[in-house]
>>> print(open('protein18.csv').read())   # CSV, C-alpha atoms
chain,number,residue,atom,x,y,z
B,471,MET,CA,162.7,-95.3,165.0
B,472,ASP,CA,163.1,-97.8,167.9
B,473,PRO,CA,165.7,-96.0,170.0
B,474,SER,CA,166.4,-99.1,172.1
B,475,ALA,CA,168.6,-100.5,169.3
B,476,PHE,CA,170.5,-97.3,168.8
B,477,LEU,CA,173.6,-97.5,170.8
B,478,SER,CA,175.6,-100.6,171.5
B,479,ALA,CA,177.1,-101.2,174.9
B,480,SER,CA,180.6,-100.6,173.7
B,481,VAL,CA,179.6,-97.2,172.3
B,482,ILE,CA,177.9,-96.2,175.6
B,483,LEU,CA,181.1,-97.2,177.3
B,484,LEU,CA,183.1,-95.1,174.9
B,485,LEU,CA,180.8,-92.2,175.4
B,486,LEU,CA,181.3,-92.4,179.1
B,487,LYS,CA,185.0,-93.0,179.2
B,488,GLU,CA,186.4,-91.1,176.3
B,489,LEU,CA,183.9,-88.8,174.8
B,490,TYR,CA,182.2,-87.2,177.7
B,491,PRO,CA,185.5,-85.5,178.7
B,492,LEU,CA,185.7,-84.1,175.2
B,493,LEU,CA,183.1,-81.5,176.1
B,494,LYS,CA,184.4,-78.2,177.4
B,495,SER,CA,182.4,-78.6,180.6
B,496,LYS,CA,180.0,-81.2,181.9
B,497,PRO,CA,176.6,-79.7,181.5
B,498,LYS,CA,174.4,-80.3,184.5
B,499,ALA,CA,171.8,-82.1,182.5
B,500,LEU,CA,174.3,-84.6,181.4
B,501,GLY,CA,175.9,-85.0,184.7
B,502,ARG,CA,173.1,-87.0,186.3
B,503,ASP,CA,172.9,-90.6,185.5
B,504,PHE,CA,174.5,-90.1,182.1
B,505,LYS,CA,174.7,-93.7,181.3
B,506,ALA,CA,171.1,-94.5,181.9
B,507,SER,CA,170.0,-91.4,180.0
B,508,ILE,CA,172.1,-91.8,176.9
B,509,LYS,CA,171.3,-95.4,176.3
B,510,GLY,CA,169.0,-95.5,173.3
B,511,GLY,CA,169.2,-91.8,172.8
B,512,LEU,CA,168.6,-90.1,169.5
B,513,PHE,CA,171.3,-87.5,168.8
B,514,HIS,CA,170.6,-84.1,167.6
B,515,PHE,CA,173.3,-81.4,166.9
B,516,SER,CA,172.6,-77.8,167.4
B,517,ASN,CA,174.5,-74.5,167.5
B,518,ASN,CA,172.1,-72.6,169.8
B,519,LYS,CA,170.3,-75.2,171.9
B,520,LYS,CA,171.6,-76.3,175.3
B,521,THR,CA,173.4,-79.6,175.5
B,522,GLU,CA,171.0,-81.8,177.4
B,523,ILE,CA,169.0,-85.0,177.4
B,524,HIS,CA,165.3,-85.0,177.4
B,525,ASN,CA,162.4,-87.2,176.6
B,526,ASP,CA,160.1,-86.6,173.8
B,527,ASN,CA,157.3,-89.0,173.0
B,528,ARG,CA,159.0,-91.7,174.9
B,529,LYS,CA,162.2,-91.2,173.0
B,530,THR,CA,165.4,-90.0,174.6
B,531,ILE,CA,166.8,-87.1,172.7
B,532,VAL,CA,170.4,-86.2,173.3
B,533,VAL,CA,170.8,-82.6,172.2
B,534,VAL,CA,174.5,-81.7,171.7
B,535,ASN,CA,175.6,-78.1,171.2
B,536,VAL,CA,178.5,-78.2,168.7
B,537,LYS,CA,180.1,-75.3,170.5
B,538,ASP,CA,180.5,-77.4,173.6
B,539,PHE,CA,183.4,-79.3,172.2
B,540,LYS,CA,186.9,-78.3,173.1
B,541,SER,CA,188.1,-78.5,169.5
B,542,LYS,CA,187.1,-79.5,166.0
B,543,GLU,CA,189.1,-82.7,166.5
B,544,ASP,CA,187.2,-83.5,169.7
B,545,PHE,CA,183.9,-83.1,167.8
B,546,LYS,CA,185.3,-85.3,165.1
B,547,LYS,CA,186.1,-88.1,167.6
B,548,TYR,CA,182.7,-87.8,169.2
B,549,LEU,CA,181.0,-88.0,165.8
B,550,ASP,CA,183.1,-90.9,164.7
B,551,VAL,CA,181.8,-92.9,167.7
B,552,ILE,CA,178.2,-92.1,167.6
B,553,VAL,CA,177.9,-92.9,163.8
B,554,GLU,CA,178.9,-96.4,164.9
B,555,ASN,CA,181.4,-97.4,162.2
B,556,GLY,CA,179.5,-95.4,159.6
B,557,THR,CA,176.2,-97.3,159.9
B,558,ALA,CA,174.2,-94.2,161.0
B,559,SER,CA,173.4,-91.3,158.7
B,560,ILE,CA,173.6,-87.7,159.6
B,561,VAL,CA,170.5,-85.8,158.3
B,562,ASN,CA,169.3,-82.2,158.4
B,563,ALA,CA,166.3,-82.1,160.7
B,564,LYS,CA,164.3,-80.2,158.1
B,565,ASP,CA,164.6,-83.1,155.7
B,566,ASP,CA,164.2,-85.9,158.2
B,567,ASN,CA,160.4,-86.2,158.0
B,568,LEU,CA,160.3,-86.2,154.2
B,569,LEU,CA,163.1,-88.9,154.2
B,570,GLU,CA,161.1,-91.1,156.6
B,571,HIS,CA,158.0,-90.6,154.5
B,572,ILE,CA,159.8,-91.6,151.3
B,573,ALA,CA,161.1,-94.7,153.1
B,574,ASP,CA,157.6,-95.6,154.4
B,575,VAL,CA,156.2,-95.3,150.8
B,576,LYS,CA,159.0,-97.4,149.4
B,577,GLN,CA,158.6,-100.0,152.1
B,578,LYS,CA,154.9,-100.5,151.5
B,579,LYS,CA,155.7,-101.6,148.0
B,580,ALA,CA,152.1,-100.7,147.0
B,581,GLU,CA,151.1,-100.6,143.4
B,582,THR,CA,151.2,-97.0,142.2
B,583,PRO,CA,151.0,-95.3,138.8
B,584,ALA,CA,154.9,-95.2,138.9
B,585,THR,CA,155.2,-99.0,139.5
B,586,ILE,CA,152.6,-99.7,136.7
B,587,LEU,CA,154.2,-97.3,134.2
B,588,SER,CA,157.8,-98.1,135.1
B,589,ALA,CA,158.4,-100.3,132.0
B,590,TYR,CA,156.8,-98.0,129.6
B,591,ILE,CA,158.1,-94.5,130.3
B,592,SER,CA,161.6,-93.0,130.3
B,593,PRO,CA,163.8,-93.2,133.5
B,594,ALA,CA,163.6,-89.4,133.8
B,595,ASP,CA,159.8,-89.3,133.5
B,596,LEU,CA,159.6,-92.2,136.0
B,597,LYS,CA,161.8,-90.3,138.5
B,598,ALA,CA,159.7,-87.1,138.0
B,599,LEU,CA,156.5,-89.2,138.4
B,600,GLU,CA,157.8,-90.8,141.7
B,601,ALA,CA,158.7,-87.4,143.0
B,602,SER,CA,155.3,-86.0,141.9
B,603,LEU,CA,153.5,-88.8,143.7
B,604,LEU,CA,155.4,-88.0,146.9
B,605,MET,CA,154.4,-84.4,146.4
B,606,ARG,CA,150.8,-85.4,146.0
B,607,ASP,CA,151.0,-87.5,149.2
B,608,GLN,CA,152.4,-84.5,151.1
B,609,PHE,CA,149.6,-82.3,149.6
B,610,ASP,CA,146.9,-84.8,150.6
B,611,SER,CA,148.3,-85.1,154.1
B,612,LYS,CA,148.4,-81.4,154.4
B,613,THR,CA,152.0,-81.5,155.5
B,614,GLY,CA,153.0,-79.0,152.9
B,615,ILE,CA,154.7,-79.4,149.5
B,616,ASP,CA,157.1,-76.5,149.9
B,617,GLY,CA,159.9,-76.8,147.4
B,618,ILE,CA,159.0,-80.2,146.1
B,619,LYS,CA,157.5,-78.9,142.9
B,620,SER,CA,160.3,-76.5,142.3
B,621,ASP,CA,162.8,-79.4,142.9
B,622,ILE,CA,161.0,-81.3,140.1
B,623,ILE,CA,161.0,-78.4,137.7
B,624,GLU,CA,164.7,-77.7,138.5
B,625,ARG,CA,165.6,-81.3,137.8
B,626,PHE,CA,163.3,-82.2,134.9
B,627,GLY,CA,162.4,-78.8,133.4
B,628,ASP,CA,159.1,-78.1,131.8
B,629,ARG,CA,158.4,-81.8,131.2
B,630,GLY,CA,158.8,-82.3,135.0
B,631,ARG,CA,156.3,-79.5,135.6
B,632,LYS,CA,153.8,-81.1,133.2
B,633,ILE,CA,154.2,-84.5,134.9
B,634,ALA,CA,153.7,-82.9,138.4
B,635,ASN,CA,150.6,-81.0,137.2
B,636,LEU,CA,149.1,-84.1,135.6
B,637,CYS,CA,149.9,-86.2,138.7
B,638,THR,CA,148.4,-83.7,141.1
B,639,ALA,CA,145.2,-83.6,139.0
B,640,GLY,CA,145.0,-87.4,139.3
B,641,TYR,CA,145.5,-88.0,135.6
B,642,PHE,CA,148.3,-90.5,136.0
B,643,ASP,CA,145.9,-92.8,137.9
B,644,ASP,CA,143.8,-93.0,134.7
B,645,LEU,CA,146.9,-93.4,132.5
B,646,ALA,CA,148.0,-96.3,134.7
B,647,GLY,CA,144.6,-97.9,134.3
B,648,LEU,CA,144.8,-97.4,130.5
B,649,CYS,CA,148.3,-98.9,130.5
B,650,LYS,CA,147.0,-102.1,132.3
B,651,GLU,CA,144.2,-102.4,129.8
B,652,THR,CA,146.4,-101.7,126.7
B,653,CYS,CA,149.9,-102.9,127.2
B,654,HIS,CA,149.4,-106.6,126.5
B,655,ASN,CA,151.3,-106.8,123.2
B,656,ALA,CA,153.7,-104.7,121.1
B,657,GLU,CA,150.8,-102.9,119.3
B,658,GLY,CA,149.2,-102.0,122.6
B,659,VAL,CA,152.4,-100.7,124.1
B,660,ALA,CA,153.0,-98.5,121.0
B,661,LYS,CA,149.5,-97.2,121.2
B,662,PHE,CA,149.9,-96.4,124.9
B,663,LYS,CA,153.2,-94.7,124.4
B,664,THR,CA,151.6,-92.4,121.7
B,665,ILE,CA,148.8,-91.5,124.0
B,666,TYR,CA,151.2,-90.9,127.0
B,667,GLU,CA,153.4,-88.7,124.9
B,668,THR,CA,150.4,-86.7,123.6
B,669,VAL,CA,149.1,-86.2,127.2
B,670,VAL,CA,152.4,-85.1,128.6
B,671,SER,CA,153.4,-82.8,125.8
B,672,GLN,CA,149.9,-81.1,125.6
B,673,GLU,CA,149.5,-80.6,129.3
B,674,ALA,CA,149.6,-76.8,129.2
B,675,PHE,CA,146.7,-76.3,126.7
B,676,ALA,CA,144.5,-79.3,127.5
B,677,VAL,CA,141.9,-80.3,130.0
B,678,PHE,CA,142.4,-83.7,131.5
B,679,VAL,CA,139.1,-85.0,132.9
B,680,THR,CA,139.4,-87.4,135.8
B,681,ARG,CA,137.0,-89.5,137.8
B,682,ALA,CA,137.2,-87.1,140.7
B,683,MET,CA,135.8,-84.2,138.7
B,684,SER,CA,132.1,-83.6,138.8
B,685,LYS,CA,130.2,-82.6,135.6
B,686,GLU,CA,130.1,-79.0,136.8
B,687,ALA,CA,133.8,-79.0,137.7
B,688,THR,CA,134.6,-80.5,134.3
B,689,LYS,CA,132.6,-77.8,132.5
B,690,LYS,CA,134.3,-75.1,134.6
B,691,ALA,CA,137.7,-76.5,133.9
B,692,ILE,CA,137.0,-76.6,130.1
B,693,VAL,CA,135.7,-73.0,130.1
B,694,ASN,CA,138.6,-71.8,132.1
B,695,LYS,CA,141.1,-73.5,129.8
B,696,ILE,CA,139.4,-72.0,126.8
B,697,MET,CA,139.8,-68.5,128.3
B,698,SER,CA,143.5,-69.0,129.3
B,699,ASN,CA,144.3,-70.6,125.9
B,700,LEU,CA,142.8,-67.6,124.1
B,701,ILE,CA,145.1,-65.3,126.2
B,702,TYR,CA,148.0,-67.2,124.8
B,703,GLY,CA,146.6,-67.0,121.2
B,704,LYS,CA,145.5,-70.6,121.1
B,705,LYS,CA,142.1,-70.8,119.4
B,706,TYR,CA,141.5,-74.3,120.5
B,707,VAL,CA,141.3,-76.6,123.6
B,708,ASN,CA,142.2,-80.2,123.7
B,709,ILE,CA,140.1,-82.4,126.0
B,710,HIS,CA,141.3,-85.8,127.2
B,711,GLY,CA,139.5,-88.4,129.2
B,712,ILE,CA,140.2,-92.1,130.1
B,713,GLY,CA,137.5,-94.5,131.2
B,714,LYS,CA,133.8,-94.9,130.3
B,715,VAL,CA,132.6,-92.5,133.0
B,716,ASN,CA,134.8,-89.7,131.8
B,717,VAL,CA,134.0,-90.3,128.1
B,718,ALA,CA,130.3,-90.0,128.9
B,719,LYS,CA,130.8,-87.0,131.1
B,720,ILE,CA,132.7,-85.1,128.3
B,721,ASN,CA,130.2,-86.1,125.6
B,722,ALA,CA,127.4,-84.8,127.9
B,723,ILE,CA,129.1,-81.5,128.5
B,724,LEU,CA,130.1,-80.6,124.9
B,725,PRO,CA,126.6,-79.7,123.7
B,726,THR,CA,126.1,-77.4,126.7
B,727,LEU,CA,129.2,-75.2,125.9
B,728,SER,CA,127.9,-72.0,124.4
B,729,PRO,CA,128.7,-68.3,124.1
B,730,ARG,CA,126.5,-68.0,127.2
B,731,ASP,CA,129.6,-69.3,129.1
B,732,ARG,CA,131.4,-66.2,127.7
B,733,ILE,CA,133.5,-68.4,125.3
B,734,PRO,CA,133.6,-68.1,121.5
B,735,LYS,CA,131.3,-70.3,119.5
B,736,THR,CA,132.8,-73.7,118.6
B,737,LYS,CA,133.7,-73.8,114.9
B,738,ASP,CA,134.3,-77.6,114.9
B,739,VAL,CA,135.3,-80.6,116.9
B,740,GLU,CA,138.2,-82.7,115.8
B,741,ILE,CA,138.1,-86.2,117.1
B,742,PHE,CA,141.7,-87.6,117.4
B,743,ASN,CA,140.7,-90.7,119.3
B,744,GLN,CA,137.4,-91.8,120.6
B,745,THR,CA,136.4,-95.2,121.9
B,746,GLN,CA,134.0,-96.3,124.7
B,747,SER,CA,136.8,-95.8,127.2
B,748,LEU,CA,139.0,-93.1,125.7
B,749,ILE,CA,138.4,-89.7,124.3
B,750,PHE,CA,140.8,-87.2,122.9
B,751,ILE,CA,139.2,-84.3,121.0
B,752,ARG,CA,140.0,-80.7,120.0
B,753,LEU,CA,137.5,-77.9,120.0
B,754,ASN,CA,138.4,-75.1,117.6
B,755,PHE,CA,137.1,-71.6,117.9
N,1420,MET,CA,164.8,-99.4,164.1
N,1421,SER,CA,163.6,-97.4,161.1
N,1422,SER,CA,164.1,-98.9,157.6
N,1423,LEU,CA,166.6,-96.1,157.1
N,1424,GLY,CA,168.7,-97.2,160.0
N,1425,ASN,CA,170.0,-94.9,162.7
N,1426,ILE,CA,169.7,-91.2,162.0
N,1427,ILE,CA,171.5,-88.4,163.8
N,1428,THR,CA,169.9,-85.1,163.0
N,1429,PHE,CA,171.2,-81.5,163.1
N,1430,ASP,CA,169.6,-78.0,163.0
N,1431,ASP,CA,169.3,-76.3,159.7
N,1432,ASP,CA,171.6,-73.3,160.5
N,1433,ASP,CA,174.8,-72.4,158.8
N,1434,ALA,CA,177.0,-72.7,162.0
N,1435,THR,CA,175.8,-76.3,162.8
N,1436,LYS,CA,176.1,-77.4,159.2
N,1437,LYS,CA,179.6,-76.0,159.0
N,1438,ALA,CA,180.6,-77.8,162.2
N,1439,ILE,CA,179.2,-81.1,160.9
N,1440,LEU,CA,181.0,-80.5,157.5
N,1441,GLY,CA,184.3,-79.7,159.4
N,1442,ALA,CA,184.2,-83.1,161.1
N,1443,PHE,CA,184.4,-84.7,157.6
N,1444,ASP,CA,187.1,-82.3,156.3
N,1445,LEU,CA,184.6,-80.4,154.3
N,1446,GLU,CA,184.1,-76.6,154.1
N,1447,VAL,CA,182.2,-74.0,152.2
N,1448,ASN,CA,184.0,-72.0,149.4
N,1449,ASP,CA,183.4,-68.4,148.4
N,1450,ASN,CA,180.6,-69.4,146.1
N,1451,GLY,CA,178.7,-71.1,149.0
N,1452,ILE,CA,179.4,-74.6,147.6
N,1453,ILE,CA,180.6,-77.4,149.8
N,1454,VAL,CA,184.1,-78.5,149.0
N,1455,SER,CA,186.9,-80.7,150.4
N,1456,SER,CA,189.0,-78.7,152.9
N,1457,ILE,CA,192.0,-80.6,151.5
N,1458,THR,CA,191.6,-80.6,147.7
N,1459,LYS,CA,189.1,-77.8,147.5
N,1460,GLU,CA,187.1,-79.9,145.0
N,1461,PRO,CA,183.3,-79.8,145.3
N,1462,ALA,CA,181.8,-82.6,147.4
N,1463,LEU,CA,179.2,-84.0,145.0
N,1464,THR,CA,176.1,-86.1,145.4
N,1465,PRO,CA,176.3,-89.7,144.0
N,1466,GLU,CA,174.8,-88.4,140.7
N,1467,GLY,CA,177.4,-85.6,140.5
N,1468,LEU,CA,175.6,-82.5,141.6
N,1469,ASP,CA,177.4,-80.0,143.8
N,1470,ILE,CA,175.8,-78.8,147.0
N,1471,PRO,CA,175.3,-75.3,148.2
N,1472,LEU,CA,175.4,-75.0,152.0
N,1473,SER,CA,171.7,-74.0,151.9
N,1474,LYS,CA,171.0,-77.4,150.3
N,1475,PHE,CA,173.1,-79.6,152.7
N,1476,ALA,CA,170.7,-82.4,153.8
N,1477,GLY,CA,173.3,-84.7,155.3
N,1478,ILE,CA,176.0,-87.2,154.8
N,1479,ARG,CA,176.4,-91.0,155.1
N,1480,PRO,CA,179.6,-91.3,157.1
N,1481,GLY,CA,180.4,-94.8,156.1
N,1482,SER,CA,180.4,-94.2,152.4
N,1483,ARG,CA,180.8,-90.4,152.7
N,1484,LYS,CA,177.9,-90.0,150.3
N,1485,MET,CA,176.5,-86.5,150.3
N,1486,ILE,CA,172.8,-85.9,150.5
N,1487,ARG,CA,171.3,-82.8,148.8
N,1488,SER,CA,168.1,-81.2,150.0
N,1489,ASP,CA,165.9,-81.9,147.1
N,1490,ILE,CA,163.3,-84.5,146.5
N,1491,VAL,CA,165.3,-86.6,144.0
N,1492,SER,CA,168.4,-86.7,146.1
N,1493,LEU,CA,166.4,-87.6,149.1
N,1494,MET,CA,164.7,-90.4,147.2
N,1495,ASP,CA,168.1,-91.7,146.1
N,1496,ALA,CA,169.4,-91.4,149.7
N,1497,ALA,CA,166.4,-93.3,151.0
N,1498,ASP,CA,167.1,-96.1,148.5
N,1499,ASP,CA,170.7,-96.2,149.5
N,1500,MET,CA,170.0,-96.1,153.3
N,1501,MET,CA,167.3,-98.9,153.0
N,1502,ALA,CA,169.6,-101.0,150.9
N,1503,THR,CA,172.4,-100.8,153.5
N,1504,GLN,CA,169.9,-102.0,156.2
N,1505,ARG,CA,168.9,-105.1,154.3
N,1506,PRO,CA,170.6,-108.2,155.6
>>> encode(input="protein18.csv", output="structure tokens")
Amino acid sequence: MDPSAFLSASVILLLLKELYPLLKSKPKALGRDFKASIKGGLFHFSNNKKTEIHNDNRKTIVVVNVKDFKSKEDFKKYLDVIVENGTASIVNAKDDNLLEHIADVKQKKAETPATILSAYISPADLKALEASLLMRDQFDSKTGIDGIKSDIIERFGDRGRKIANLCTAGYFDDLAGLCKETCHNAEGVAKFKTIYETVVSQEAFAVFVTRAMSKEATKKAIVNKIMSNLIYGKKYVNIHGIGKVNVAKINAILPTLSPRDRIPKTKDVEIFNQTQSLIFIRLNF
Amino acid sequence: MSSLGNIITFDDDDATKKAILGAFDLEVNDNGIIVSSITKEPALTPEGLDIPLSKFAGIRPGSRKMIRSDIVSLMDAADDMMATQRP
């Protein structure tokens, strides 16, 4: 945020003439050259920090202790002025970074799986996907995804969890690619919607092979999914892949799966859909 | 200026949050939900969700729209704040 545009001259004057006296006492830090310091300041309210002005990364931060006001009414007056006719927003500091990140992403207007799929999936799925993409960004930037996934599950239930998992695994990138290739007419749209629905509904018991997965990682994912499905009494595993590379990868791995991997012997392979650039099969045990 | 406009921040502790809420005639009821100090009705997000104090992410003073601390409410708030900034 460019702090220079923050406070208008009239507000600074108000702060000086009318609001400064609202404080119980005039803290030393505010007493010196108050006008120069407060111009362009970013306000932060606290209950336990000292009221003071300091510079942080070339920004002037005006920390105001809420207990320093003579009364609730005085605090109200102060707040009324610094929100500048309601144009400023008051935001919990713990949410401020995420809010800025969301705004940055929205402002870039880059093509994402959400923008590509927006016309073909439900508004709730789209919202869950947008949130999941933000979660993935946060995960990639190692800034933490605390709470975001549980927010998605709280809002969108098990379907939200599935979308978040598929998104984190990178499968929505492939779905977006498939959507671009397929959705040119009503028939293509219907075909895509069927595939999309299958992918989301089967997330829990399926392996979704993405470009980022090596052959070894893919085999490991399939073996692990077989083992976990068996724990839940599911004697099958569904395997999905989009794109020529993934189809070839899956076809190369299937013959190598054997009881030596400590999995049951495959009884048969059901092929639900297989083209050069799409594969959806089920291994039964 | 940020695409979100001017932002005033506050610490995530109950006393600071209650002070901010008080300035907007809001308070916290016995169930920990933010309500109007006058009508005692819950202060809801634009999509109609109530807000426990622990999930108070902020307020837009002009419209008095409440922001809940969850990813979807923050996404909606960002949209709203950015829309307000556009000429």
>>> atom_distance(input="protein18.csv", atom1="atom CA of B:Glu581", atom2="atom CA of B:Ala682")
19.6 Å
>>> closest_residue(input="protein18.csv", among="N:Asn1450, N:Ser1492, N:Ser1421, N:Thr1435", to="N:Leu1463", atoms="only C-alpha atoms")
N:Ser1492
>>> closest_atom_pairs(input="protein18.csv", of="chain B", to="chain N", cutoff="9 Å", atoms="only C-alpha atoms", output="Markdown table")
| residue | atom | partner | partner_atom | distance |
| --- | --- | --- | --- | --- |
| B:Met471 | CA | N:Ser1421 | CA | 4.5 |
| B:Asp472 | CA | N:Met1420 | CA | 4.5 |
| B:Pro473 | CA | N:Met1420 | CA | 6.9 |
| B:Ser474 | CA | N:Met1420 | CA | 8.2 |
| B:Ala475 | CA | N:Met1420 | CA | 6.5 |
| B:Phe476 | CA | N:Asn1425 | CA | 6.6 |
| B:Leu512 | CA | N:Ile1427 | CA | 6.6 |
| B:Phe513 | CA | N:Ile1427 | CA | 5.1 |
| B:His514 | CA | N:Thr1428 | CA | 4.8 |
| B:Phe515 | CA | N:Phe1429 | CA | 4.3 |
| B:Ser516 | CA | N:Asp1430 | CA | 5.3 |
| B:Asn517 | CA | N:Thr1435 | CA | 5.2 |
| B:Asn518 | CA | N:Thr1435 | CA | 8.7 |
| B:Asn535 | CA | N:Thr1435 | CA | 8.6 |
| B:Val536 | CA | N:Thr1435 | CA | 6.8 |
| B:Lys537 | CA | N:Ala1438 | CA | 8.7 |
| B:Lys542 | CA | N:Ala1442 | CA | 6.7 |
| B:Glu543 | CA | N:Ala1442 | CA | 7.3 |
| B:Phe545 | CA | N:Ala1442 | CA | 6.7 |
| B:Lys546 | CA | N:Ala1442 | CA | 4.7 |
| B:Lys547 | CA | N:Ala1442 | CA | 8.4 |
| B:Leu549 | CA | N:Ala1442 | CA | 7.5 |
| B:Asp550 | CA | N:Pro1480 | CA | 8.4 |
| B:Ile552 | CA | N:Ile1427 | CA | 8.5 |
| B:Val553 | CA | N:Pro1480 | CA | 7.1 |
| B:Asn555 | CA | N:Gly1481 | CA | 6.7 |
| B:Gly556 | CA | N:Gly1481 | CA | 3.7 |
| B:Thr557 | CA | N:Gly1481 | CA | 6.2 |
| B:Ala558 | CA | N:Asn1425 | CA | 4.6 |
| B:Ser559 | CA | N:Arg1479 | CA | 4.7 |
| B:Ile560 | CA | N:Ile1427 | CA | 4.7 |
| B:Val561 | CA | N:Gly1477 | CA | 4.2 |
| B:Asn562 | CA | N:Ala1476 | CA | 4.8 |
| B:Ala563 | CA | N:Thr1428 | CA | 5.2 |
| B:Lys564 | CA | N:Asp1431 | CA | 6.5 |
| B:Asp565 | CA | N:Ala1476 | CA | 6.4 |
| B:Asp566 | CA | N:Thr1428 | CA | 7.5 |
| B:Leu568 | CA | N:Leu1493 | CA | 8.1 |
| B:Leu569 | CA | N:Leu1493 | CA | 6.2 |
| B:Glu570 | CA | N:Leu1423 | CA | 7.4 |
| B:Ile572 | CA | N:Met1494 | CA | 6.5 |
| B:Ala573 | CA | N:Ala1497 | CA | 5.9 |
| B:Asp574 | CA | N:Ser1422 | CA | 8.0 |
| B:Lys576 | CA | N:Asp1498 | CA | 8.3 |
| B:Gln577 | CA | N:Ser1422 | CA | 7.9 |
| B:Lys597 | CA | N:Val1491 | CA | 7.5 |
| B:Ala598 | CA | N:Val1491 | CA | 8.2 |
| B:Glu600 | CA | N:Met1494 | CA | 8.8 |
| B:Ala601 | CA | N:Ile1490 | CA | 6.5 |
| B:Leu604 | CA | N:Ile1490 | CA | 8.6 |
| B:Met605 | CA | N:Ile1490 | CA | 8.9 |
| B:Gly617 | CA | N:Asp1489 | CA | 7.9 |
| B:Ile618 | CA | N:Ile1490 | CA | 6.1 |
| B:Lys619 | CA | N:Ile1490 | CA | 8.8 |
| B:Asp621 | CA | N:Asp1489 | CA | 5.8 |
| B:Ile622 | CA | N:Ile1490 | CA | 7.5 |
| B:Arg625 | CA | N:Val1491 | CA | 8.2 |
>>> residues_near_point(input="protein18.csv", point="(184.7, -76.9, 144.7)", cutoff="10 Å", atoms="all atoms listed in the file", output="MDAnalysis selection string")
chainID N and resid 1446:1456 1458:1463 1469:1470
>>> write_last_selection(input="protein18.csv", atoms="C-alpha atoms", output="PDB file, in the coordinates of the input")
ATOM      1  CA  GLU N1446     184.100 -76.600 154.100  1.00  0.00           C
ATOM      2  CA  VAL N1447     182.200 -74.000 152.200  1.00  0.00           C
ATOM      3  CA  ASN N1448     184.000 -72.000 149.400  1.00  0.00           C
ATOM      4  CA  ASP N1449     183.400 -68.400 148.400  1.00  0.00           C
ATOM      5  CA  ASN N1450     180.600 -69.400 146.100  1.00  0.00           C
ATOM      6  CA  GLY N1451     178.700 -71.100 149.000  1.00  0.00           C
ATOM      7  CA  ILE N1452     179.400 -74.600 147.600  1.00  0.00           C
ATOM      8  CA  ILE N1453     180.600 -77.400 149.800  1.00  0.00           C
ATOM      9  CA  VAL N1454     184.100 -78.500 149.000  1.00  0.00           C
ATOM     10  CA  SER N1455     186.900 -80.700 150.400  1.00  0.00           C
ATOM     11  CA  SER N1456     189.000 -78.700 152.900  1.00  0.00           C
ATOM     12  CA  THR N1458     191.600 -80.600 147.700  1.00  0.00           C
ATOM     13  CA  LYS N1459     189.100 -77.800 147.500  1.00  0.00           C
ATOM     14  CA  GLU N1460     187.100 -79.900 145.000  1.00  0.00           C
ATOM     15  CA  PRO N1461     183.300 -79.800 145.300  1.00  0.00           C
ATOM     16  CA  ALA N1462     181.800 -82.600 147.400  1.00  0.00           C
ATOM     17  CA  LEU N1463     179.200 -84.000 145.000  1.00  0.00           C
ATOM     18  CA  ASP N1469     177.400 -80.000 143.800  1.00  0.00           C
ATOM     19  CA  ILE N1470     175.800 -78.800 147.000  1.00  0.00           C
TER      20      ILE N1470
END
>>> atom_distance(input="protein18.csv", atom1="atom CA of N:Leu1468", atom2="atom CA of B:Thr638")
27.2 Å
>>> atom_distance(input="protein18.csv", atom1="atom CA of B:Leu753", atom2="atom CA of B:Val707")
5.4 Å
>>> residues_around(input="protein18.csv", residues="B:Lys695", least_positions_apart="4", cutoff="8 Å", atoms="all atoms listed in the file", output="list in words")
Phe675, Ala676, Val677, Ala691, Asn699 and Val707 of chain B
>>> residues_around(input="protein18.csv", residues="B:Val659", least_positions_apart="4", cutoff="10 Å", atoms="only C-alpha atoms", output="ChimeraX atom specification")
/B:589-590,649-650,652-655,663-665
>>> residues_around(input="protein18.csv", residues="B:Met697", least_positions_apart="3", cutoff="12 Å", atoms="all atoms listed in the file", output="list in words")
Phe675, Ala676, Lys690, Ala691, Ile692, Val693, Asn694, Leu700, Ile701, Tyr702, Gly703, Lys704, Lys705, Tyr706, Val707, Pro729, Asp731, Arg732, Ile733, Pro734 and Phe755 of chain B
>>> decode(input="protein18.csv", residues="stretch 1458-1464 of chain N", atoms="N, CA and C atoms", output="PDB file, in the first residue's frame")
ATOM      1  N   THR N1458     -30.159  -3.881  18.896  1.00  0.00           N
ATOM      2  CA  THR N1458     -31.250  -4.855  18.648  1.00  0.00           C
ATOM      3  C   THR N1458     -30.928  -6.248  19.175  1.00  0.00           C
ATOM      4  N   LYS N1459     -29.662  -6.510  19.471  1.00  0.00           N
ATOM      5  CA  LYS N1459     -29.189  -7.837  19.908  1.00  0.00           C
ATOM      6  C   LYS N1459     -29.298  -8.890  18.801  1.00  0.00           C
ATOM      7  N   GLU N1460     -29.564  -8.437  17.578  1.00  0.00           N
ATOM      8  CA  GLU N1460     -29.609  -9.357  16.438  1.00  0.00           C
ATOM      9  C   GLU N1460     -28.186  -9.624  15.964  1.00  0.00           C
ATOM     10  N   PRO N1461     -27.910 -10.850  15.487  1.00  0.00           N
ATOM     11  CA  PRO N1461     -26.549 -11.131  15.007  1.00  0.00           C
ATOM     12  C   PRO N1461     -26.141 -10.210  13.845  1.00  0.00           C
ATOM     13  N   ALA N1462     -24.897  -9.787  13.856  1.00  0.00           N
ATOM     14  CA  ALA N1462     -24.358  -9.019  12.727  1.00  0.00           C
ATOM     15  C   ALA N1462     -23.852 -10.056  11.728  1.00  0.00           C
ATOM     16  N   LEU N1463     -24.447 -10.085  10.564  1.00  0.00           N
ATOM     17  CA  LEU N1463     -24.153 -11.155   9.605  1.00  0.00           C
ATOM     18  C   LEU N1463     -23.219 -10.698   8.491  1.00  0.00           C
ATOM     19  N   THR N1464     -22.566 -11.657   7.855  1.00  0.00           N
ATOM     20  CA  THR N1464     -21.789 -11.343   6.651  1.00  0.00           C
ATOM     21  C   THR N1464     -22.785 -11.093   5.513  1.00  0.00           C
TER      22      THR N1464
END
